[in-house]
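Coordinates from target21.csv are shown below (CSV, C-alpha atoms and all ligand atoms).
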chain,number,residue,atom,x,y,z
A,1,MET,CA,150.6,-15.1,119.9
A,2,LEU,CA,146.8,-15.3,119.5
A,3,ASN,CA,146.4,-13.3,122.7
A,4,ALA,CA,148.9,-10.7,121.4
A,5,LEU,CA,147.0,-10.4,118.2
A,6,ASN,CA,143.6,-10.1,119.9
A,7,GLU,CA,145.0,-7.3,122.1
A,8,ILE,CA,146.5,-5.4,119.2
A,9,GLU,CA,143.3,-5.7,117.3
A,10,SER,CA,141.0,-4.4,120.1
A,11,ALA,CA,143.4,-1.7,121.3
A,12,GLY,CA,144.1,-0.6,117.7
A,13,LEU,CA,140.4,-0.4,116.8
A,14,THR,CA,139.5,1.4,120.0
A,15,GLU,CA,142.2,4.0,119.6
A,16,LEU,CA,141.4,4.4,115.9
A,17,ALA,CA,137.8,5.2,116.8
A,18,SER,CA,138.7,8.1,118.9
A,19,ILE,CA,141.1,9.7,116.4
A,20,GLU,CA,139.8,13.0,115.0
A,21,ASP,CA,142.7,14.5,113.0
A,22,ALA,CA,145.2,13.6,110.3
A,23,PRO,CA,148.4,13.9,112.5
A,24,SER,CA,147.0,11.5,115.1
A,25,LEU,CA,145.9,9.1,112.4
A,26,GLU,CA,149.3,9.1,111.0
A,27,SER,CA,151.0,8.3,114.3
A,28,TRP,CA,148.4,5.5,114.8
A,29,ARG,CA,149.4,4.1,111.4
A,30,VAL,CA,153.1,4.2,112.3
A,31,SER,CA,152.5,2.4,115.6
A,32,TYR,CA,150.1,-0.3,114.3
A,33,ILE,CA,150.5,-1.0,110.6
A,34,GLY,CA,153.8,0.8,109.8
A,35,THR,CA,157.0,-1.1,109.0
A,36,LYS,CA,158.0,-0.9,112.7
A,37,GLY,CA,154.5,-1.1,114.0
A,38,LYS,CA,152.9,-3.6,116.3
A,39,ILE,CA,151.7,-6.0,113.6
A,40,ARG,CA,155.3,-6.3,112.2
A,41,GLY,CA,156.4,-6.6,115.8
A,42,VAL,CA,154.5,-9.9,116.5
A,43,MET,CA,155.5,-11.5,113.2
A,44,PRO,CA,158.8,-13.0,114.6
A,45,MET,CA,156.6,-14.9,117.1
A,46,MET,CA,155.4,-17.1,114.2
A,47,LYS,CA,158.5,-19.2,114.4
A,48,ASP,CA,157.6,-20.3,118.0
A,49,VAL,CA,154.1,-21.4,117.0
A,50,SER,CA,153.7,-25.2,116.7
A,51,LYS,CA,153.4,-26.7,113.3
A,52,GLU,CA,149.8,-27.7,113.6
A,53,ASP,CA,148.7,-24.2,114.9
A,54,LYS,CA,150.7,-22.3,112.2
A,55,ALA,CA,147.8,-22.2,109.6
A,56,ALA,CA,145.2,-20.9,112.1
A,57,VAL,CA,147.5,-18.3,113.7
A,58,GLY,CA,148.7,-17.2,110.3
A,59,LYS,CA,145.0,-16.7,109.2
A,60,ARG,CA,144.3,-14.8,112.4
A,61,LEU,CA,147.3,-12.6,111.8
A,62,ASN,CA,146.0,-11.7,108.3
A,63,GLU,CA,142.5,-11.0,109.7
A,64,VAL,CA,143.9,-8.6,112.3
A,65,LYS,CA,146.1,-6.9,109.8
A,66,THR,CA,143.3,-6.5,107.3
A,67,ALA,CA,140.9,-5.2,110.0
A,68,LEU,CA,143.4,-2.6,111.1
A,69,GLU,CA,144.2,-1.6,107.5
A,70,SER,CA,140.6,-1.2,106.4
A,71,GLY,CA,139.8,0.6,109.6
A,72,PHE,CA,142.7,3.0,108.8
A,73,LYS,CA,141.4,3.6,105.2
A,74,GLU,CA,137.9,4.3,106.4
A,75,LYS,CA,139.1,6.7,109.0
A,76,GLN,CA,141.3,8.4,106.4
A,77,SER,CA,138.4,9.1,104.1
A,78,SER,CA,136.1,10.1,106.8
A,79,LEU,CA,138.5,12.8,108.0
A,80,LYS,CA,137.8,15.8,105.7
A,81,GLY,CA,139.7,15.6,102.5
A,82,GLY,CA,141.5,12.4,103.6
A,83,ALA,CA,144.9,12.5,105.3
A,84,GLN,CA,147.7,11.7,103.0
A,85,ALA,CA,150.0,9.0,104.2
A,86,GLY,CA,153.3,10.5,105.1
A,87,SER,CA,151.9,14.1,105.3
A,88,THR,CA,151.1,15.7,108.6
A,89,GLY,CA,149.7,19.1,107.4
A,90,PRO,CA,146.0,19.7,106.8
A,91,SER,CA,145.0,18.6,103.3
A,92,ILE,CA,143.6,21.3,101.0
A,93,ASP,CA,141.8,20.9,97.7
A,94,LEU,CA,143.4,23.5,95.5
A,95,THR,CA,140.9,23.0,92.8
A,96,GLU,CA,137.9,24.1,94.9
A,97,PRO,CA,136.5,27.5,93.8
A,98,GLY,CA,137.1,30.3,96.2
A,99,ILE,CA,134.4,32.2,98.0
A,100,ILE,CA,133.1,34.9,95.6
A,101,ASP,CA,132.1,38.2,97.2
A,102,SER,CA,129.7,39.9,94.8
A,103,HIS,CA,130.4,43.3,96.3
A,104,THR,CA,134.0,43.3,95.0
A,105,LEU,CA,133.3,41.8,91.6
A,106,GLY,CA,134.0,44.4,88.9
A,107,ARG,CA,132.1,44.9,85.6
A,108,GLU,CA,132.6,46.7,82.3
A,109,HIS,CA,131.7,50.4,82.4
A,110,ILE,CA,128.5,51.1,80.3
A,111,ILE,CA,130.5,53.1,77.7
A,112,THR,CA,133.0,50.3,77.3
A,113,ARG,CA,130.1,47.9,76.9
A,114,VAL,CA,128.3,49.9,74.2
A,115,ARG,CA,131.6,50.7,72.4
A,116,GLY,CA,132.2,46.9,72.3
A,117,GLU,CA,128.7,46.3,70.9
A,118,LEU,CA,129.1,48.9,68.2
A,119,VAL,CA,132.5,47.5,67.1
A,120,GLU,CA,131.0,44.0,67.1
A,121,ILE,CA,128.2,45.0,64.7
A,122,PHE,CA,130.5,47.0,62.4
A,123,ALA,CA,132.9,44.0,62.4
A,124,ARG,CA,130.1,41.9,61.0
A,125,LEU,CA,129.8,44.4,58.2
A,126,GLY,CA,133.5,44.0,57.4
A,127,PHE,CA,134.9,47.0,59.3
A,128,GLU,CA,138.2,46.6,61.2
A,129,VAL,CA,139.1,48.7,64.3
A,130,ALA,CA,141.7,51.5,63.8
A,131,GLN,CA,143.2,53.6,66.6
A,132,GLY,CA,144.6,57.1,66.7
A,133,PRO,CA,146.2,59.2,69.4
A,134,GLU,CA,144.1,61.5,71.7
A,135,LEU,CA,146.9,64.0,71.8
A,136,GLU,CA,146.8,65.1,68.2
A,137,ASP,CA,148.0,68.0,66.1
A,138,GLU,CA,146.2,70.6,64.1
A,139,ASP,CA,147.2,69.0,60.9
A,140,HIS,CA,145.2,65.8,61.6
A,141,ASN,CA,142.4,67.5,63.5
A,142,PHE,CA,141.8,70.2,61.0
A,143,THR,CA,144.1,70.9,58.0
A,144,LYS,CA,144.1,67.5,56.3
A,145,LEU,CA,140.3,67.3,57.0
A,146,ASN,CA,140.0,70.3,54.6
A,147,ILE,CA,139.0,72.6,57.5
A,148,PRO,CA,140.4,76.0,56.4
A,149,ALA,CA,142.7,78.1,58.5
A,150,ALA,CA,140.1,80.7,59.3
A,151,HIS,CA,137.3,78.2,60.1
A,152,PRO,CA,135.5,78.9,63.4
A,153,ALA,CA,135.9,75.3,64.5
A,154,ARG,CA,139.6,76.0,65.0
A,155,ASP,CA,138.9,78.8,67.6
A,156,PRO,CA,141.2,78.2,70.7
A,157,ILE,CA,138.1,78.9,72.8
A,158,ASP,CA,136.5,75.8,71.4
A,159,ASN,CA,139.5,73.5,71.6
A,160,PHE,CA,142.0,72.1,74.1
A,161,TYR,CA,145.3,73.4,72.6
A,162,VAL,CA,148.4,72.1,74.2
A,163,ASP,CA,150.7,74.4,72.2
A,164,ASP,CA,150.0,78.1,71.5
A,165,PRO,CA,148.6,78.2,67.9
A,166,SER,CA,150.0,81.7,67.4
A,167,LYS,CA,153.6,80.5,68.3
A,168,VAL,CA,153.8,76.9,66.9
A,169,ASP,CA,153.6,75.8,63.3
A,170,THR,CA,151.7,72.6,63.9
A,171,PRO,CA,150.3,73.0,67.4
A,172,ARG,CA,149.3,70.0,69.4
A,173,MET,CA,145.8,69.6,70.8
A,174,LEU,CA,143.5,67.1,72.4
A,175,ARG,CA,141.5,65.8,69.4
A,176,SER,CA,138.0,67.3,69.1
A,177,GLN,CA,136.7,64.5,66.8
A,178,THR,CA,137.6,61.0,65.8
A,179,SER,CA,137.7,62.1,62.2
A,180,THR,CA,141.5,62.4,62.9
A,181,VAL,CA,141.7,58.7,62.6
A,182,GLN,CA,140.4,58.8,59.0
A,183,ILE,CA,143.5,60.9,58.2
A,184,ARG,CA,145.9,58.7,60.1
A,185,THR,CA,144.6,55.5,58.6
A,186,MET,CA,144.6,56.8,55.0
A,187,GLU,CA,148.1,58.2,55.4
A,188,ASP,CA,149.3,54.9,56.8
A,189,ALA,CA,147.6,52.9,54.0
A,190,ALA,CA,149.1,55.1,51.3
A,191,ALA,CA,152.6,55.2,52.9
A,192,LYS,CA,152.8,51.5,53.5
A,193,GLY,CA,150.8,50.4,50.5
A,194,TRP,CA,148.3,48.1,52.4
A,195,GLY,CA,145.2,50.0,51.1
A,196,PRO,CA,142.9,51.2,49.7
A,197,PRO,CA,140.5,49.4,50.0
A,198,ILE,CA,140.2,50.7,53.6
A,199,LYS,CA,137.2,49.8,55.8
A,200,ILE,CA,137.6,50.8,59.4
A,201,VAL,CA,135.7,52.1,62.5
A,202,SER,CA,137.5,54.0,65.2
A,203,PRO,CA,135.9,54.4,68.6
A,204,GLY,CA,137.5,56.7,71.1
A,205,ARG,CA,137.6,59.8,73.4
A,206,VAL,CA,137.3,63.3,72.1
A,207,TYR,CA,137.6,66.6,74.0
A,208,ARG,CA,135.9,70.0,73.7
A,209,PRO,CA,135.8,72.7,76.3
A,210,ASP,CA,131.9,72.7,76.6
A,211,THR,CA,130.2,73.8,79.8
A,212,VAL,CA,129.2,70.6,81.6
A,213,ASP,CA,125.4,70.0,81.9
A,214,ALA,CA,123.0,67.1,81.5
A,215,THR,CA,123.9,66.6,77.8
A,216,HIS,CA,127.4,68.1,77.6
A,217,SER,CA,130.8,67.0,78.8
A,218,PHE,CA,134.3,68.2,78.0
A,219,MET,CA,135.2,64.6,77.2
A,220,PHE,CA,133.0,62.2,75.4
A,221,HIS,CA,133.2,59.3,72.9
A,222,GLN,CA,132.6,59.1,69.2
A,223,ILE,CA,132.9,56.3,66.7
A,224,GLU,CA,134.1,57.1,63.2
A,225,GLY,CA,133.6,55.0,60.1
A,226,LEU,CA,135.5,55.1,56.9
A,227,TYR,CA,135.2,53.0,53.7
A,228,ILE,CA,137.4,53.7,50.7
A,229,ASP,CA,137.2,51.5,47.6
A,230,ARG,CA,136.5,51.7,43.9
A,231,ASP,CA,132.9,53.0,43.1
A,232,VAL,CA,131.8,53.5,46.6
A,233,SER,CA,128.6,55.5,46.5
A,234,MET,CA,126.1,57.3,48.7
A,235,SER,CA,123.8,54.3,48.6
A,236,ASP,CA,126.5,52.2,50.1
A,237,LEU,CA,126.7,54.7,53.0
A,238,MET,CA,122.9,54.6,53.4
A,239,SER,CA,122.7,50.8,53.4
A,240,THR,CA,125.6,50.5,55.9
A,241,LEU,CA,123.9,52.9,58.3
A,242,LEU,CA,120.6,51.1,57.9
A,243,GLN,CA,122.1,47.7,58.5
A,244,PHE,CA,123.8,49.0,61.5
A,245,ALA,CA,120.6,50.6,62.9
A,246,ARG,CA,118.6,47.4,62.4
A,247,ALA,CA,121.3,45.2,63.9
A,248,TYR,CA,121.7,47.3,67.0
A,249,PHE,CA,118.2,48.6,67.6
A,250,GLY,CA,116.0,46.0,65.9
A,251,GLU,CA,114.2,45.4,62.6
A,252,ASP,CA,111.9,48.4,63.0
A,253,ALA,CA,114.8,50.9,63.0
A,254,ASP,CA,115.1,53.3,60.1
A,255,VAL,CA,117.6,55.9,58.9
A,256,ARG,CA,117.2,59.2,57.1
A,257,LEU,CA,119.8,61.7,55.8
A,258,ARG,CA,119.4,65.4,55.9
A,259,PRO,CA,121.6,67.6,53.6
A,260,SER,CA,124.3,69.4,55.7
A,261,PHE,CA,127.8,70.6,55.4
A,262,PHE,CA,131.1,69.3,56.7
A,263,PRO,CA,134.4,70.4,55.2
A,264,PHE,CA,135.7,66.9,54.8
A,265,THR,CA,132.7,65.4,53.0
A,266,GLU,CA,131.0,66.3,49.7
A,267,PRO,CA,128.1,65.8,49.6
A,268,SER,CA,127.5,65.9,53.4
A,269,ALA,CA,124.6,64.9,55.5
A,270,GLU,CA,123.4,64.6,59.0
A,271,PHE,CA,121.8,61.3,59.8
A,272,ASP,CA,118.9,60.5,62.1
A,273,MET,CA,117.7,57.1,63.2
A,274,MET,CA,114.1,56.1,63.8
A,275,ILE,CA,114.5,54.0,66.9
A,276,ALA,CA,112.7,53.0,70.0
A,277,LEU,CA,115.3,53.8,72.6
A,278,LYS,CA,113.7,52.1,75.5
A,279,PRO,CA,112.1,48.7,75.1
A,280,GLY,CA,108.4,49.2,74.5
A,281,SER,CA,108.6,52.9,73.8
A,282,GLU,CA,107.4,54.5,70.6
A,283,PRO,CA,110.1,54.9,68.0
A,284,SER,CA,111.1,58.4,67.1
A,285,TRP,CA,113.7,60.2,64.9
A,286,ILE,CA,116.9,60.7,66.9
A,287,GLU,CA,119.7,63.0,65.5
A,288,LEU,CA,122.8,60.9,65.6
A,289,GLY,CA,125.7,62.2,63.7
A,290,GLY,CA,127.3,63.4,60.4
A,291,CYS,CA,128.3,61.6,57.3
A,292,GLY,CA,129.0,62.0,53.6
A,293,MET,CA,131.3,61.1,50.7
A,294,VAL,CA,135.0,61.8,51.5
A,295,ASP,CA,136.0,65.1,49.9
A,296,PRO,CA,138.6,64.6,47.1
A,297,ASN,CA,140.8,67.2,48.9
A,298,VAL,CA,141.0,64.9,51.9
A,299,LEU,CA,142.0,61.9,49.8
A,300,THR,CA,144.7,63.9,48.0
A,301,ALA,CA,146.0,65.3,51.4
A,302,CYS,CA,146.5,61.7,52.5
A,303,GLY,CA,148.2,60.5,49.3
A,304,ILE,CA,145.2,58.7,47.8
A,305,ASP,CA,144.2,59.3,44.2
A,306,PRO,CA,140.6,60.6,44.1
A,307,GLU,CA,140.3,59.7,40.4
A,308,GLU,CA,140.7,56.1,41.3
A,309,TRP,CA,139.2,55.8,44.8
A,310,THR,CA,136.0,57.1,46.4
A,311,GLY,CA,134.6,56.6,49.9
A,312,PHE,CA,132.2,57.5,52.6
A,313,ALA,CA,132.7,58.5,56.2
A,314,PHE,CA,130.5,58.9,59.2
A,315,GLY,CA,130.8,59.8,62.9
A,316,PHE,CA,128.5,59.8,65.8
A,317,GLY,CA,128.5,60.1,69.6
A,318,ILE,CA,128.6,56.9,71.8
A,319,GLU,CA,127.1,58.6,75.0
A,320,ARG,CA,123.9,59.5,73.0
A,321,ILE,CA,123.4,55.9,72.1
A,322,ALA,CA,124.2,54.5,75.6
A,323,MET,CA,122.0,57.1,77.4
A,324,GLY,CA,119.1,56.3,75.1
A,325,LYS,CA,119.4,52.6,75.1
A,326,TYR,CA,119.9,52.3,78.9
A,327,GLY,CA,117.6,55.2,79.9
A,328,ILE,CA,120.3,57.4,81.5
A,329,PRO,CA,119.0,60.9,81.9
A,330,ASP,CA,122.3,62.8,82.6
A,331,ILE,CA,125.7,62.4,80.8
A,332,ARG,CA,127.5,63.2,84.1
A,333,MET,CA,126.3,60.0,85.6
A,334,LEU,CA,128.6,58.2,83.1
A,335,PHE,CA,131.7,59.9,84.4
A,336,GLU,CA,131.1,60.5,88.1
A,337,ASN,CA,131.7,56.8,88.9
A,338,ASP,CA,129.1,56.6,91.6
A,339,VAL,CA,129.1,52.9,92.5
A,340,ARG,CA,125.4,52.8,93.0
A,341,PHE,CA,124.9,53.9,89.4
A,342,LEU,CA,127.6,51.7,88.0
A,343,GLN,CA,126.1,48.6,89.6
A,344,ARG,CA,122.7,49.4,88.3
A,345,VAL,CA,123.3,49.8,84.6
B,401,LIG,N1,133.5,64.8,63.1
B,401,LIG,C1,132.1,65.3,63.0
B,401,LIG,C2,131.8,65.9,64.4
B,401,LIG,O1,132.4,65.7,65.3
B,401,LIG,C3,131.1,64.2,62.7
B,401,LIG,C4,131.3,63.7,61.3
B,401,LIG,C5,130.6,64.3,60.3
B,401,LIG,C6,132.1,62.6,61.0
B,401,LIG,C7,130.7,63.9,59.0
B,401,LIG,C8,132.2,62.2,59.7
B,401,LIG,C9,131.5,62.8,58.7
B,401,LIG,O2,133.0,61.2,59.4
B,401,LIG,O3,131.7,62.3,57.4
B,401,LIG,O4,130.8,66.7,64.4

Reformat the file's structure so that it appears as structure tokens.
Ligand code: DAH
Amino acid sequence: MLNALNEIESAGLTELASIEDAPSLESWRVSYIGTKGKIRGVMPMMKDVSKEDKAAVGKRLNEVKTALESGFKEKQSSLKGGAQAGSTGPSIDLTEPGIIDSHTLGREHIITRVRGELVEIFARLGFEVAQGPELEDEDHNFTKLNIPAAHPARDPIDNFYVDDPSKVDTPRMLRSQTSTVQIRTMEDAAAKGWGPPIKIVSPGRVYRPDTVDATHSFMFHQIEGLYIDRDVSMSDLMSTLLQFARAYFGEDADVRLRPSFFPFTEPSAEFDMMIALKPGSEPSWIELGGCGMVDPNVLTACGIDPEEWTGFAFGFGIERIAMGKYGIPDIRMLFENDVRFLQRV
């Protein structure tokens, strides 16, 4: 029996040494240390061993068995990933990260990024995000914003009408300004009773049939702000714009209002920001957008009592800010989707 054991040991270890894959290791395991393997095969011979030799032969049996088992374990872990007993397929680590190809990794478009940054800052000032449809109607784009029927802003030449204004009572159109969302939000608040107070910003696309050039596009983005509450004043408007400017452009930013006219605000102003658009450049006054105190006619049109509530509104273009902040010279670059540009900004 000792001879048999010695032979199993040396043959087993030699064979084991030459094994290079999991399936061969598995068949080795079955033939040597499995339940029908060679080690089990020699066990019945124990009964023929003389009494005095039993202890020594038993010891040798254990040695050989242990040697083969530990040889098996070593081999198992040295084969990549370790062969699973009972499995014959290649072992795969499902938790290992894949190979990342940076050429196919997407990223946020610059406009999406800036829009997110703006919303984030206004959120810190207590403004929630409100949405409105891009396919609007004249009622929300003009009438309820106190823009009279004969106002030049309504000219079909300057708007994307979907219905013929001379044939339809409330013609549909692509919205030309995000001020429409002021109306939608106030109507909703009044109808459902959740406000005022109302404190929202609304970023989104607007459409105007402008001739495309370096600073004009027939589609661009605006962000609208609206705050309706008791005793809201022009100084609240000013401080909101100033806090926004400093949060986004840095502590040196400043804001000034210039008297202006918009049908939906009274008084109205245009606002400029003193900002260094590019890092290290000298700050200068940049015209940004319009603002003012919401006209009582607008509040009334939306079912809000102007004797009880007052508010301010503002709106400005997102491209202007993105182009300045990231040094983009031509608005068309934002919409051509040239991958070389998109990867750079
Ligand atoms: N909607 C205006 C525009 O597109 C901008 C604007 C002016 C928005 C005054 C306002 C505002 O909310 O109060 O030119």

Site check for ligand LIG 401 (chain B): residues at most 8 Å away, only C-alpha atoms and all ligand atoms, as a ChimeraX atom specification: /A:176-179,182,222,224-226,262,264-265,268-270,289-294,312-316

Non-local contacts of Arg115 of chain A (8 Å; only C-alpha atoms; under 3 positions in same chain excluded) as a list in words: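 What passes the distance filter is Ile111, Thr112, Leu118, Val119, Pro203 and Ile318 of chain A.
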
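Atom pair atom CA of Gly311 of chain A / atom CA of Val201 of chain A: separated by 13.4 Å.
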
Best match for closeness to Ile183 of chain A among A:Lys144, A:Arg344, A:His109, A:Lys59, counting only C-alpha atoms: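 Residue with the minimum atom-to-atom distance to Ile183 of chain A: A:Lys144.
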
Contacts of Ile39 of chain A within 12 Å, only C-alpha atoms, excl. fewer than 6 positions in-chain, as a list in words: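 Listed by chain and then number, they are Met1, Ala4, Leu5, Asn6, Glu7, Ile8, Glu9, Gly12, Arg29, Val30, Ser31, Tyr32, Ile33, Met45, Met46, Arg60, Leu61, Asn62, Glu63, Val64, Lys65, Thr66, Ala67, Leu68 and Glu69 of chain A.
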
Residue nearest Leu13 of chain A - candidates A:Ser233, A:Asn141, A:Ser70, A:Asn146, atoms counted: only C-alpha atoms: A:Ser70

Straight-line distance linking atom CA of Arg258 of chain A with atom CA of Met273 of chain A, stated in Å to one decimal: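 These atoms are spaced 11.2 Å apart.
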
Atom-to-atom span, atom CA of Asp229 of chain A and atom CA of Pro306 of chain A, Å: 10.3 Å

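Each of A:Asp305, A:Glu134, A:Glu52, A:Glu96 was compared to Arg230 of chain A using all atoms listed in the file, and A:Asp305 turns out to be the nearest.
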
Distance query Ala322 of chain A at most 12 Å, all atoms listed in the file, self and fewer than 5 positions along chain excluded, as a VMD selection string: chain A and resid 109 to 118 220 to 222 248 to 249 277 to 278 288 316 to 317 327 to 331 333 to 334 345

Preceding selection exported with C-alpha atoms as a JSON list (two decimals), in the frame of the given file:
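So out_3.json came out as:
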[["chain", "number", "residue", "atom", "x", "y", "z"],
["A", 109, "HIS", "CA", 131.70, 50.40, 82.40],
["A", 110, "ILE", "CA", 128.50, 51.10, 80.30],
["A", 111, "ILE", "CA", 130.50, 53.10, 77.70],
["A", 112, "THR", "CA", 133.00, 50.30, 77.30],
["A", 113, "ARG", "CA", 130.10, 47.90, 76.90],
["A", 114, "VAL", "CA", 128.30, 49.90, 74.20],
["A", 115, "ARG", "CA", 131.60, 50.70, 72.40],
["A", 116, "GLY", "CA", 132.20, 46.90, 72.30],
["A", 117, "GLU", "CA", 128.70, 46.30, 70.90],
["A", 118, "LEU", "CA", 129.10, 48.90, 68.20],
["A", 220, "PHE", "CA", 133.00, 62.20, 75.40],
["A", 221, "HIS", "CA", 133.20, 59.30, 72.90],
["A", 222, "GLN", "CA", 132.60, 59.10, 69.20],
["A", 248, "TYR", "CA", 121.70, 47.30, 67.00],
["A", 249, "PHE", "CA", 118.20, 48.60, 67.60],
["A", 277, "LEU", "CA", 115.30, 53.80, 72.60],
["A", 278, "LYS", "CA", 113.70, 52.10, 75.50],
["A", 288, "LEU", "CA", 122.80, 60.90, 65.60],
["A", 316, "PHE", "CA", 128.50, 59.80, 65.80],
["A", 317, "GLY", "CA", 128.50, 60.10, 69.60],
["A", 327, "GLY", "CA", 117.60, 55.20, 79.90],
["A", 328, "ILE", "CA", 120.30, 57.40, 81.50],
["A", 329, "PRO", "CA", 119.00, 60.90, 81.90],
["A", 330, "ASP", "CA", 122.30, 62.80, 82.60],
["A", 331, "ILE", "CA", 125.70, 62.40, 80.80],
["A", 333, "MET", "CA", 126.30, 60.00, 85.60],
["A", 334, "LEU", "CA", 128.60, 58.20, 83.10],
["A", 345, "VAL", "CA", 123.30, 49.80, 84.60]]

Shortest interatomic distance to Gln343 of chain A - which of A:Gly324, A:Gly58, A:Gly132, A:Gly106, counting only C-alpha atoms: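 Under the stated criterion, the closest residue is A:Gly106.
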
Nearest-residue call for Ile157 of chain A, choices A:Asp210, A:Asp48, A:Phe127, A:Asp139, using only C-alpha atoms: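 Answer, going by the shortest atom-to-atom distance: A:Asp210.
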
Minimum-distance residue to Arg184 of chain A, chosen among A:Ser24, A:Ser235, A:Gln131, A:Thr240 (using all atoms listed in the file):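 Counting all atoms listed in the file, the residue closest to Arg184 of chain A is A:Gln131.
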